[in-house]
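Notes to accompany the following structure.
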Amino acid sequence: MRVIGLMSGTSYDAIDAAAADLSLVGDSLVLEPLGLVSEPYDDVLREALGAALPPGTTSMAEVCRLDTRVGQAFAAAAVRADRELCDGRAELVASHGQTVYHWAEEGKVFGTLQLGQPAWIAEATGLPVVADFRPRDIAAGGQGAPLVSLVDLLWLRGRPGTPVALNIGGIANLTAPDGTAFDTGPGCALIDAAARGFSGGRLAYDVDGALAGRGGVHEPLLMRLLEEPYYALPAPKTTGKELFHLGHLRDALTGFGTLPAEDVVATLTALTARTVADAVCAAGATEVIASGGGTRNPVLMAMVGQCLPGVALRTSDELGLPAAAKEAYAFAVLGFLTAHGLPGTVPSATGARHARVLGSITPGREGLRLPSPAGGRPERLVLG
Ligand SMILES: Nc1ncnc2c1ncn2[C@@H]1O[C@H](COP(=O)(O)OP(=O)(O)O)[C@@H](O)[C@H]1O
Ligand SMILES: [Mg+2]
């Protein structure tokens with residue numbers, strides 16, 4: 001089945017559309033990558049999202065407008081992926097949507113909201129769309145995240161040693177081979193917020209780690225940031241920009257006077273590296289397979305490496321899945337599983353009471369024709 005996976009993470013930088021041919025062969029799920037197109041949000045929509053996301057406030061009218069506009073933007077990315085990557089022969093779209101709120105309190109998740117009305121995607125592509133993946137896991141008692149954990153576990157099964165999958169997006173998350181998975185804390189979220197704040201909006205992120213590279217880590221600020229209770233919570237746990245936004249940094253800066261922008265960004269980069277590395281060590285990892293936009297920040301990756309002597313640090317590219325595309329491929333897999341009546345979660349990873357078939361399905365032009373349910377769950381993911 002030819003599937004397009006659509007993903008935009010908490011960084012809301014771009015809609016990533018990855019296409020893959022997926023099939024079940026014996027107990028393996030075979031994924032043949034067809035490529036990635038990345039469609040940046042236009043400035044108007046990006047600003048509207050930024051204003052509505054925490055710590056901003058919004059209205060139901062604006063939520064409706066965003067749901068439509070994000071849905072249309074996702075639809076445009078899907079149409080482009082079908083044309084450029086699939087020869088117009090895609091059969092299914094799996095859309096994560098844009099997370100605008102993740103309702104977590106004291107380690108428990110009560111709800112999550114992803115915008116990007118799938119009807120626009122179905123209408124534009126003519127294809128059935130699986131969307132709203134996260135709420136079912138929450139209704140089953142889970143965190144609704146990290147949902148890539150199932151794909152990570154299938155993919156890393158059988159690899160020697162103790163490999164962990166690490167995705168550094170706006171938030172960073174980790175999957176360990178014992179089936180635990182959780183958000184470690186900020187990935188690029190605070191670095192982005194600081195870069196944007198210090199540059200008056202000119203920089204959306206610390207391009208190539210340039211600011212951090214010129215600065216020095218301010219140890220007292222780092223210590224204060226590490227006091228955030230989230231880091232000490234036991235897994236399963238998930239977080240979002242409801243916690244890790246500019247206000248979080250401003251609070252931590254109180255009493256330090258004016259610090260150079262470079263030092264603040266270097267310190268935030270060290271914070272991500274430290275919290276990621278602590279989680280990697282706690283998992284007893286011998287190898288880290290990293291993905292996400294954070295892997296493109298060389299200062300961050302060098303700091304992660306320094307915190308993890310003796311642990312092999314690679315990117316998912318080395319294993320055949322481009323770091324920028326991994327999450328979008330993972331959602332293509334989750335959509336494929338749903339279409340085949342197969343569960344998309346691992347209870348130990350999300351904390352749910354049981355694994356569930358995820359998502360809501362919007363029929364395509366041909367009405368709803370689903371493949372026959374698959375016999376059993378795949379045991380591993382193999383790249384074709
Ligand atoms: N060249 C780069 N230098 C530094 N950081 C980068 C670079 N490219 C991407 N990033 C970081 O990656 C983030 C986007 O990563 P992504 O995996 O798309 O996250 P999300 O899943 O949250 O959208 C950007 O906000 C930025 O912080
Ligand atoms: Mg992104």
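By convention here, the chains of the structure tokens are called A, B, ... in the order presented, each chain's residues are numbered starting at 1, and ligands are numbered starting at 1 in the order presented.
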
Can you list, as a JSON list (two decimals) with N, CA, C and O atoms, in the first residue's frame, every protein, DNA or RNA residue that comes within 9 Å of A:Asp206 when you count only C-alpha atoms, leaving out same-chain residues fewer than 6 positions away?
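To be explicit, this is the file written out as selection30.json:
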```
[["chain", "number", "residue", "atom", "x", "y", "z"],
["A", 191, "ILE", "N", 15.43, 26.70, 22.80],
["A", 191, "ILE", "CA", 16.47, 27.32, 21.95],
["A", 191, "ILE", "C", 15.78, 28.21, 20.91],
["A", 191, "ILE", "O", 16.18, 29.36, 20.68],
["A", 192, "ASP", "N", 14.73, 27.67, 20.28],
["A", 192, "ASP", "CA", 13.99, 28.45, 19.27],
["A", 192, "ASP", "C", 13.39, 29.71, 19.90],
["A", 192, "ASP", "O", 13.47, 30.80, 19.32],
["A", 194, "ALA", "N", 14.31, 31.37, 22.49],
["A", 194, "ALA", "CA", 15.34, 32.37, 22.81],
["A", 194, "ALA", "C", 15.88, 33.03, 21.54],
["A", 194, "ALA", "O", 16.04, 34.25, 21.49],
["A", 195, "ALA", "N", 16.14, 32.21, 20.52],
["A", 195, "ALA", "CA", 16.67, 32.77, 19.26],
["A", 195, "ALA", "C", 15.68, 33.78, 18.69],
["A", 195, "ALA", "O", 16.06, 34.87, 18.24],
["A", 196, "ARG", "N", 14.40, 33.41, 18.75],
["A", 196, "ARG", "CA", 13.36, 34.30, 18.23],
["A", 196, "ARG", "C", 13.28, 35.56, 19.08],
["A", 196, "ARG", "O", 13.22, 36.67, 18.56],
["A", 212, "ALA", "N", 24.84, 29.58, 19.97],
["A", 212, "ALA", "CA", 25.36, 28.73, 21.05],
["A", 212, "ALA", "C", 26.88, 28.55, 20.92],
["A", 212, "ALA", "O", 27.60, 28.54, 21.93],
["A", 265, "VAL", "N", 21.58, 31.09, 24.97],
["A", 265, "VAL", "CA", 21.30, 30.04, 23.98],
["A", 265, "VAL", "C", 22.24, 28.84, 24.20],
["A", 265, "VAL", "O", 21.81, 27.67, 24.12],
["A", 297, "ASN", "N", 21.67, 20.74, 14.44],
["A", 297, "ASN", "CA", 22.37, 21.75, 15.25],
["A", 297, "ASN", "C", 23.68, 21.11, 15.74],
["A", 297, "ASN", "O", 23.67, 20.31, 16.68]]
```

Select the residues contacting ligand 2 at a distance of at most 7 Å, based on only C-alpha atoms and all ligand atoms, then format the selection as a PDB file with C-alpha atoms, in the first residue's frame.
```pdb
ATOM      1  CA  SER A   8       4.194  18.883  11.758  1.00  0.00           C
ATOM      2  CA  GLY A   9       5.677  18.886  15.223  1.00  0.00           C
ATOM      3  CA  THR A  10       5.640  21.368  18.049  1.00  0.00           C
ATOM      4  CA  SER A  11       8.168  23.550  16.208  1.00  0.00           C
ATOM      5  CA  TYR A  12       5.432  24.252  13.589  1.00  0.00           C
ATOM      6  CA  ASP A  13       8.193  25.024  11.108  1.00  0.00           C
ATOM      7  CA  ALA A  14       6.975  22.921   8.201  1.00  0.00           C
ATOM      8  CA  ILE A  15       4.654  20.138   7.141  1.00  0.00           C
ATOM      9  CA  ASP A  16       6.744  17.077   6.425  1.00  0.00           C
ATOM     10  CA  GLY A 169      12.072  18.162  17.557  1.00  0.00           C
ATOM     11  CA  GLY A 293      15.608  18.877  13.226  1.00  0.00           C
TER      12      GLY A 293
END
```

Close residues, A:Lys108 itself excluded, 8 Å, only C-alpha atoms, min 2 positions apart in chain, as a PyMOL selection string: chain A and resi 104-106+110+143+237

Could you give me the residues within stretch 111-215 of chain A that DSSP places in strand (DSSP E), as a ChimeraX atom specification? /A:111-115,129-131,163-168,171-175,181-186

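Minimum atom-to-atom distances from A:Arg157, A:Arg353, A:Arg377, A:Arg296 to ligand 1 were compared using only C-alpha atoms and all ligand atoms, and the lowest value belongs to A:Arg296.
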
A:Gly364 environment, 10 Å, only C-alpha atoms, sequence neighbours closer than 3 positions dropped, as a VMD selection string: chain A and resid 91 to 93 119 121 to 129 361 367 to 369

How about saving the chosen residues, N, CA and C atoms kept, as a PDB file, in the first residue's frame?
```
ATOM      1  N   GLU A  91      -2.387   5.687  -1.953  1.00  0.00           N
ATOM      2  CA  GLU A  91      -3.663   5.035  -1.632  1.00  0.00           C
ATOM      3  C   GLU A  91      -4.252   5.483  -0.302  1.00  0.00           C
ATOM      4  N   LEU A  92      -3.398   6.050   0.537  1.00  0.00           N
ATOM      5  CA  LEU A  92      -3.857   6.412   1.878  1.00  0.00           C
ATOM      6  C   LEU A  92      -3.012   7.579   2.380  1.00  0.00           C
ATOM      7  N   VAL A  93      -3.648   8.475   3.127  1.00  0.00           N
ATOM      8  CA  VAL A  93      -2.907   9.544   3.791  1.00  0.00           C
ATOM      9  C   VAL A  93      -3.051   9.351   5.301  1.00  0.00           C
ATOM     10  N   ALA A 119     -10.894  16.535   6.327  1.00  0.00           N
ATOM     11  CA  ALA A 119     -11.790  16.602   5.155  1.00  0.00           C
ATOM     12  C   ALA A 119     -11.117  17.345   3.998  1.00  0.00           C
ATOM     13  N   ILE A 121      -7.991  17.329   3.287  1.00  0.00           N
ATOM     14  CA  ILE A 121      -6.974  16.441   2.688  1.00  0.00           C
ATOM     15  C   ILE A 121      -7.673  15.404   1.805  1.00  0.00           C
ATOM     16  N   ALA A 122      -8.784  14.842   2.319  1.00  0.00           N
ATOM     17  CA  ALA A 122      -9.528  13.839   1.550  1.00  0.00           C
ATOM     18  C   ALA A 122     -10.096  14.466   0.275  1.00  0.00           C
ATOM     19  N   GLU A 123     -10.583  15.689   0.392  1.00  0.00           N
ATOM     20  CA  GLU A 123     -11.192  16.365  -0.755  1.00  0.00           C
ATOM     21  C   GLU A 123     -10.140  16.681  -1.821  1.00  0.00           C
ATOM     22  N   ALA A 124      -8.967  17.133  -1.365  1.00  0.00           N
ATOM     23  CA  ALA A 124      -7.928  17.541  -2.323  1.00  0.00           C
ATOM     24  C   ALA A 124      -7.250  16.347  -2.977  1.00  0.00           C
ATOM     25  N   THR A 125      -7.093  15.257  -2.241  1.00  0.00           N
ATOM     26  CA  THR A 125      -6.352  14.103  -2.784  1.00  0.00           C
ATOM     27  C   THR A 125      -7.287  13.018  -3.298  1.00  0.00           C
ATOM     28  N   GLY A 126      -8.533  13.020  -2.848  1.00  0.00           N
ATOM     29  CA  GLY A 126      -9.455  11.931  -3.185  1.00  0.00           C
ATOM     30  C   GLY A 126      -9.192  10.674  -2.375  1.00  0.00           C
ATOM     31  N   LEU A 127      -8.237  10.733  -1.441  1.00  0.00           N
ATOM     32  CA  LEU A 127      -7.809   9.532  -0.710  1.00  0.00           C
ATOM     33  C   LEU A 127      -8.421   9.473   0.685  1.00  0.00           C
ATOM     34  N   PRO A 128      -8.576   8.247   1.219  1.00  0.00           N
ATOM     35  CA  PRO A 128      -8.971   8.152   2.619  1.00  0.00           C
ATOM     36  C   PRO A 128      -7.855   8.688   3.511  1.00  0.00           C
ATOM     37  N   VAL A 129      -8.256   9.288   4.606  1.00  0.00           N
ATOM     38  CA  VAL A 129      -7.287   9.906   5.506  1.00  0.00           C
ATOM     39  C   VAL A 129      -7.479   9.349   6.920  1.00  0.00           C
ATOM     40  N   ILE A 361     -11.090   7.848  10.661  1.00  0.00           N
ATOM     41  CA  ILE A 361     -10.901   7.707   9.210  1.00  0.00           C
ATOM     42  C   ILE A 361     -11.900   8.575   8.461  1.00  0.00           C
ATOM     43  N   GLY A 367     -15.429   6.458  -1.480  1.00  0.00           N
ATOM     44  CA  GLY A 367     -16.081   5.932  -0.284  1.00  0.00           C
ATOM     45  C   GLY A 367     -15.037   5.226   0.559  1.00  0.00           C
ATOM     46  N   LEU A 368     -15.473   4.400   1.477  1.00  0.00           N
ATOM     47  CA  LEU A 368     -14.504   3.778   2.374  1.00  0.00           C
ATOM     48  C   LEU A 368     -14.310   2.316   2.012  1.00  0.00           C
ATOM     49  N   ARG A 369     -13.151   2.024   1.441  1.00  0.00           N
ATOM     50  CA  ARG A 369     -12.822   0.626   1.152  1.00  0.00           C
ATOM     51  C   ARG A 369     -11.524   0.305   1.866  1.00  0.00           C
TER      52      ARG A 369
END
```

Enumerate as a ChimeraX atom specification all residues of stretch 11-159 of chain A assigned to helix (DSSP H, G or I) by DSSP on the backbone, naming them with the chain letters and numbers the document uses. /A:43-52,60-85,118-125,134-139,149-156

Could you tell me how far atom CA of A:Ala302 lies from atom CA of A:Glu242, in Å and to one decimal? 27.8 Å

Using only C-alpha atoms, the shortest atom-to-atom distance to A:Gln98 among A:Gly255, A:Gly116, A:Pro146, A:Gly305 belongs to A:Gly116

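Relative to atom CA of A:Val217, atom CA of A:Thr267 is found at 4.5 Å.
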
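The two atoms in question, atom CA of A:Pro260 and atom CA of A:Gly215, are spaced 7.9 Å apart.
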
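The shortest atom-to-atom distance to ligand 1, with only C-alpha atoms and all ligand atoms taken into account, belongs to A:Leu300 out of A:Ala270, A:Leu147, A:Leu300, A:Ile4.
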
For stretch 373-376 of chain A, please output as a PyMOL selection string all residues within 12 Å (counting only C-alpha atoms; exclusion window: fewer than 5 positions along the same chain). chain A and resi 23-29+336-343+357

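Using only C-alpha atoms, the protein and nucleic acid residues lying no more than 12 Å from A:Phe256, apart from those fewer than 2 places from it along its own chain, are His218, Glu219, Pro220, Leu221, Leu222, Arg224, Leu249, Arg250, Asp251, Ala252, Leu253, Thr254, Thr258, Leu259, Pro260 and Val264 of chain A.
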
Need the shell around A:Ala52: protein/DNA/RNA residues with any atom at most 12 Å away, counting only C-alpha atoms. Skip same-chain ones fewer than 3 positions apart. Format as number ranges by chain? A: 12, 45-49, 55-67, 99-101, 115, 241-242

Would you tabulate, counting only C-alpha atoms, all residues of stretch 245-296 of chain A that have an atom at most 8 Å from an atom of stretch 307-313 of chain A, showing the closest pair of atoms and their distance in Å to one decimal, sorted by chain then ascending number, as JSON lines?
```
{"residue": "A:Ala273", "atom": "CA", "partner": "A:Cys307", "partner_atom": "CA", "distance": 7.3}
{"residue": "A:Arg274", "atom": "CA", "partner": "A:Cys307", "partner_atom": "CA", "distance": 6.7}
{"residue": "A:Ala277", "atom": "CA", "partner": "A:Cys307", "partner_atom": "CA", "distance": 6.0}
{"residue": "A:Cys281", "atom": "CA", "partner": "A:Leu308", "partner_atom": "CA", "distance": 7.6}
{"residue": "A:Ala285", "atom": "CA", "partner": "A:Val311", "partner_atom": "CA", "distance": 7.0}
{"residue": "A:Thr286", "atom": "CA", "partner": "A:Val311", "partner_atom": "CA", "distance": 4.9}
{"residue": "A:Glu287", "atom": "CA", "partner": "A:Ala312", "partner_atom": "CA", "distance": 4.5}
{"residue": "A:Val288", "atom": "CA", "partner": "A:Leu313", "partner_atom": "CA", "distance": 4.9}
{"residue": "A:Ile289", "atom": "CA", "partner": "A:Leu313", "partner_atom": "CA", "distance": 6.4}
{"residue": "A:Ala290", "atom": "CA", "partner": "A:Leu313", "partner_atom": "CA", "distance": 7.4}
```

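With only C-alpha atoms and all ligand atoms as the atoms that count, the residue of A:Leu203, A:Val79, A:Ala73, A:Ala90 with the shortest distance to ligand 1 is A:Leu203.
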